[in-house]
Amino acid sequence: MSGQTAKTISEREYSISDLAKEFGITSRSIRHYEDEKLICPERRGVHRIYSARDRVRLQLILRGKRLGFSLAEIREIIDLYDLPEGKQKQAKLLVELIQKRRDALLQQRKDIEHMLKELDMLE
């Protein structure tokens, strides 16, 4: 980041290609999250300039996607952070969503085990 060494971490700026490379995703994915209003980069002409806050939000989006959360659920979690007492509400919501996701995965595992037993019987 030449020319930006005097900036603090909270003031760092990133290009779309910086973030795409760092997180191993496409620029198109990042633009999609922008279209969904999950991140809001600054515009300088035709260039998107992402802040450290955008980078953290992108990191949270990708973590949520890996855990199987929908973009709507991820948005709800992220948006709570900016509200008064948002951290507590965010943590409570996250725990609830994790419990639901875990229950859904456990049910899927039971369904898969049942299907495998049926396949074994048919074989």
# chains A, B, ... in the order shown; residues from 1 in each chain; ligands from 1

call {"tool": "closest_atom_pairs", "arguments": {"of": "range 3-69 of chain A", "to": "range 91-115 of chain A", "cutoff": "12 Å", "atoms": "only C-alpha atoms", "output": "tab-separated table"}}
result
residue	atom	partner	partner_atom	distance
A:Leu60	CA	A:Leu94	CA	11.7
A:Gly64	CA	A:Leu94	CA	9.8
A:Lys65	CA	A:Arg101	CA	11.7
A:Arg66	CA	A:Arg101	CA	11.5
A:Leu67	CA	A:Arg101	CA	7.9
A:Gly68	CA	A:Arg101	CA	7.3
A:Phe69	CA	A:Arg101	CA	7.7

call {"tool": "residues_around", "arguments": {"residues": "Arg48 in chain A", "least_positions_apart": "6", "cutoff": "8 Å", "atoms": "only C-alpha atoms", "output": "PyMOL selection string"}}
result
chain A and resi 15-16+41-42

call {"tool": "closest_residue", "arguments": {"among": "A:Lys89, A:Gly24, A:Glu123, A:Leu19", "to": "Ser51 in chain A", "atoms": "only C-alpha atoms"}}
result
A:Leu19

call {"tool": "residues_around", "arguments": {"residues": "Glu13 in chain A", "least_positions_apart": "5", "cutoff": "7 Å", "atoms": "only C-alpha atoms", "output": "ChimeraX atom specification"}}
result
/A:49-52

call {"tool": "select_by_dssp", "arguments": {"residues": "chain A", "states": "strand (DSSP E or B)", "output": "JSON, numbers by chain"}}
result
{"A": [13, 14, 42, 43, 44, 47, 48, 49, 50, 51]}

call {"tool": "write_last_selection", "arguments": {"atoms": "all heavy atoms", "output": "mmCIF file, in the first residue's frame"}}
result
data_model
loop_
_atom_site.group_PDB
_atom_site.id
_atom_site.type_symbol
_atom_site.label_atom_id
_atom_site.label_comp_id
_atom_site.auth_asym_id
_atom_site.auth_seq_id
_atom_site.Cartn_x
_atom_site.Cartn_y
_atom_site.Cartn_z
ATOM 1 N N GLU A 13 -7.272 1.776 2.942
ATOM 2 C CA GLU A 13 -8.169 1.661 1.797
ATOM 3 C C GLU A 13 -7.755 0.458 0.962
ATOM 4 O O GLU A 13 -6.576 0.115 0.895
ATOM 5 C CB GLU A 13 -8.102 2.931 0.953
ATOM 6 C CG GLU A 13 -8.574 4.159 1.699
ATOM 7 C CD GLU A 13 -8.393 5.433 0.893
ATOM 8 O OE1 GLU A 13 -7.611 5.440 -0.080
ATOM 9 O OE2 GLU A 13 -9.034 6.432 1.255
ATOM 10 N N TYR A 14 -8.742 -0.158 0.344
ATOM 11 C CA TYR A 14 -8.513 -1.350 -0.449
ATOM 12 C C TYR A 14 -9.242 -1.216 -1.780
ATOM 13 O O TYR A 14 -10.354 -0.686 -1.826
ATOM 14 C CB TYR A 14 -9.050 -2.591 0.281
ATOM 15 C CG TYR A 14 -8.483 -2.772 1.662
ATOM 16 C CD1 TYR A 14 -9.085 -2.170 2.766
ATOM 17 C CD2 TYR A 14 -7.347 -3.531 1.871
ATOM 18 C CE1 TYR A 14 -8.562 -2.327 4.034
ATOM 19 C CE2 TYR A 14 -6.818 -3.694 3.145
ATOM 20 C CZ TYR A 14 -7.436 -3.090 4.226
ATOM 21 O OH TYR A 14 -6.916 -3.246 5.477
ATOM 22 N N GLU A 42 -16.611 3.603 -1.058
ATOM 23 C CA GLU A 42 -16.576 4.980 -1.563
ATOM 24 C C GLU A 42 -16.307 4.898 -3.066
ATOM 25 O O GLU A 42 -15.658 3.971 -3.540
ATOM 26 C CB GLU A 42 -15.432 5.714 -0.856
ATOM 27 C CG GLU A 42 -15.227 7.131 -1.286
ATOM 28 C CD GLU A 42 -14.002 7.755 -0.607
ATOM 29 O OE1 GLU A 42 -13.627 7.320 0.489
ATOM 30 O OE2 GLU A 42 -13.434 8.678 -1.215
ATOM 31 N N ARG A 43 -16.820 5.859 -3.796
ATOM 32 C CA ARG A 43 -16.568 5.911 -5.251
ATOM 33 C C ARG A 43 -15.630 7.064 -5.550
ATOM 34 O O ARG A 43 -15.820 8.169 -5.067
ATOM 35 C CB ARG A 43 -17.864 6.119 -6.023
ATOM 36 C CG ARG A 43 -18.905 5.062 -5.829
ATOM 37 C CD ARG A 43 -18.562 3.850 -6.630
ATOM 38 N NE ARG A 43 -19.647 2.895 -6.509
ATOM 39 C CZ ARG A 43 -19.895 1.968 -7.381
ATOM 40 N NH1 ARG A 43 -19.166 1.856 -8.451
ATOM 41 N NH2 ARG A 43 -20.883 1.128 -7.192
ATOM 42 N N ARG A 44 -14.617 6.771 -6.335
ATOM 43 C CA ARG A 44 -13.730 7.804 -6.862
ATOM 44 C C ARG A 44 -13.687 7.601 -8.362
ATOM 45 O O ARG A 44 -12.937 6.763 -8.858
ATOM 46 C CB ARG A 44 -12.334 7.696 -6.267
ATOM 47 C CG ARG A 44 -12.300 8.050 -4.797
ATOM 48 C CD ARG A 44 -10.888 8.154 -4.270
ATOM 49 N NE ARG A 44 -10.932 8.206 -2.814
ATOM 50 C CZ ARG A 44 -9.987 7.714 -2.041
ATOM 51 N NH1 ARG A 44 -8.906 7.167 -2.555
ATOM 52 N NH2 ARG A 44 -10.101 7.793 -0.726
ATOM 53 N N HIS A 47 -13.728 3.992 -9.846
ATOM 54 C CA HIS A 47 -13.080 3.072 -8.907
ATOM 55 C C HIS A 47 -13.849 2.985 -7.599
ATOM 56 O O HIS A 47 -14.345 3.974 -7.081
ATOM 57 C CB HIS A 47 -11.646 3.528 -8.620
ATOM 58 C CG HIS A 47 -10.791 3.578 -9.844
ATOM 59 N ND1 HIS A 47 -10.280 2.455 -10.445
ATOM 60 C CD2 HIS A 47 -10.367 4.621 -10.588
ATOM 61 C CE1 HIS A 47 -9.583 2.801 -11.501
ATOM 62 N NE2 HIS A 47 -9.622 4.124 -11.618
ATOM 63 N N ARG A 48 -13.902 1.762 -7.084
ATOM 64 C CA ARG A 48 -14.479 1.518 -5.764
ATOM 65 C C ARG A 48 -13.315 1.512 -4.765
ATOM 66 O O ARG A 48 -12.331 0.817 -4.974
ATOM 67 C CB ARG A 48 -15.175 0.163 -5.727
ATOM 68 C CG ARG A 48 -16.422 0.065 -6.547
ATOM 69 C CD ARG A 48 -16.853 -1.409 -6.596
ATOM 70 N NE ARG A 48 -18.175 -1.583 -7.116
ATOM 71 C CZ ARG A 48 -18.479 -1.696 -8.407
ATOM 72 N NH1 ARG A 48 -17.521 -1.625 -9.313
ATOM 73 N NH2 ARG A 48 -19.730 -1.873 -8.789
ATOM 74 N N ILE A 49 -13.479 2.238 -3.677
ATOM 75 C CA ILE A 49 -12.471 2.275 -2.626
ATOM 76 C C ILE A 49 -13.120 1.723 -1.362
ATOM 77 O O ILE A 49 -14.074 2.288 -0.840
ATOM 78 C CB ILE A 49 -11.945 3.714 -2.383
ATOM 79 C CG1 ILE A 49 -11.467 4.351 -3.687
ATOM 80 C CG2 ILE A 49 -10.860 3.702 -1.316
ATOM 81 C CD1 ILE A 49 -10.312 3.633 -4.368
ATOM 82 N N TYR A 50 -12.578 0.615 -0.883
ATOM 83 C CA TYR A 50 -13.136 -0.056 0.290
ATOM 84 C C TYR A 50 -12.347 0.329 1.533
ATOM 85 O O TYR A 50 -11.122 0.384 1.521
ATOM 86 C CB TYR A 50 -13.105 -1.575 0.097
ATOM 87 C CG TYR A 50 -13.970 -2.017 -1.050
ATOM 88 C CD1 TYR A 50 -13.474 -2.060 -2.345
ATOM 89 C CD2 TYR A 50 -15.294 -2.366 -0.848
ATOM 90 C CE1 TYR A 50 -14.271 -2.449 -3.408
ATOM 91 C CE2 TYR A 50 -16.112 -2.755 -1.895
ATOM 92 C CZ TYR A 50 -15.584 -2.796 -3.186
ATOM 93 O OH TYR A 50 -16.380 -3.173 -4.224
ATOM 94 N N SER A 51 -13.069 0.557 2.608
ATOM 95 C CA SER A 51 -12.460 0.924 3.893
ATOM 96 C C SER A 51 -12.153 -0.336 4.699
ATOM 97 O O SER A 51 -12.566 -1.446 4.337
ATOM 98 C CB SER A 51 -13.431 1.801 4.685
ATOM 99 O OG SER A 51 -14.574 1.038 5.043
#

call {"tool": "select_by_dssp", "arguments": {"residues": "range 9-120 of chain A", "states": "alpha helix (DSSP H)", "output": "VMD selection string"}}
result
chain A and resid 16 to 23 27 to 35 52 to 66 71 to 80 86 to 120

call {"tool": "residues_around", "arguments": {"residues": "Arg75 in chain A", "least_positions_apart": "3", "cutoff": "9 Å", "atoms": "only C-alpha atoms", "output": "list in words"}}
result
Glu36, Lys37, Leu38, Ile61, Ser70, Leu71, Ala72, Ile78, Asp79 and Leu80 of chain A

call {"tool": "closest_residue", "arguments": {"among": "A:Leu119, A:Cys40, A:Ile30, A:Leu83", "to": "Ser17 in chain A", "atoms": "only C-alpha atoms"}}
result
A:Ile30

call {"tool": "atom_distance", "arguments": {"atom1": "CA of Pro84 in chain A", "atom2": "CA of Leu62 in chain A"}}
result
24.7 Å

call {"tool": "atom_distance", "arguments": {"atom1": "CA of Val56 in chain A", "atom2": "CA of Asp35 in chain A"}}
result
17.2 Å

call {"tool": "atom_distance", "arguments": {"atom1": "CA of Phe23 in chain A", "atom2": "CA of Arg55 in chain A"}}
result
9.7 Å
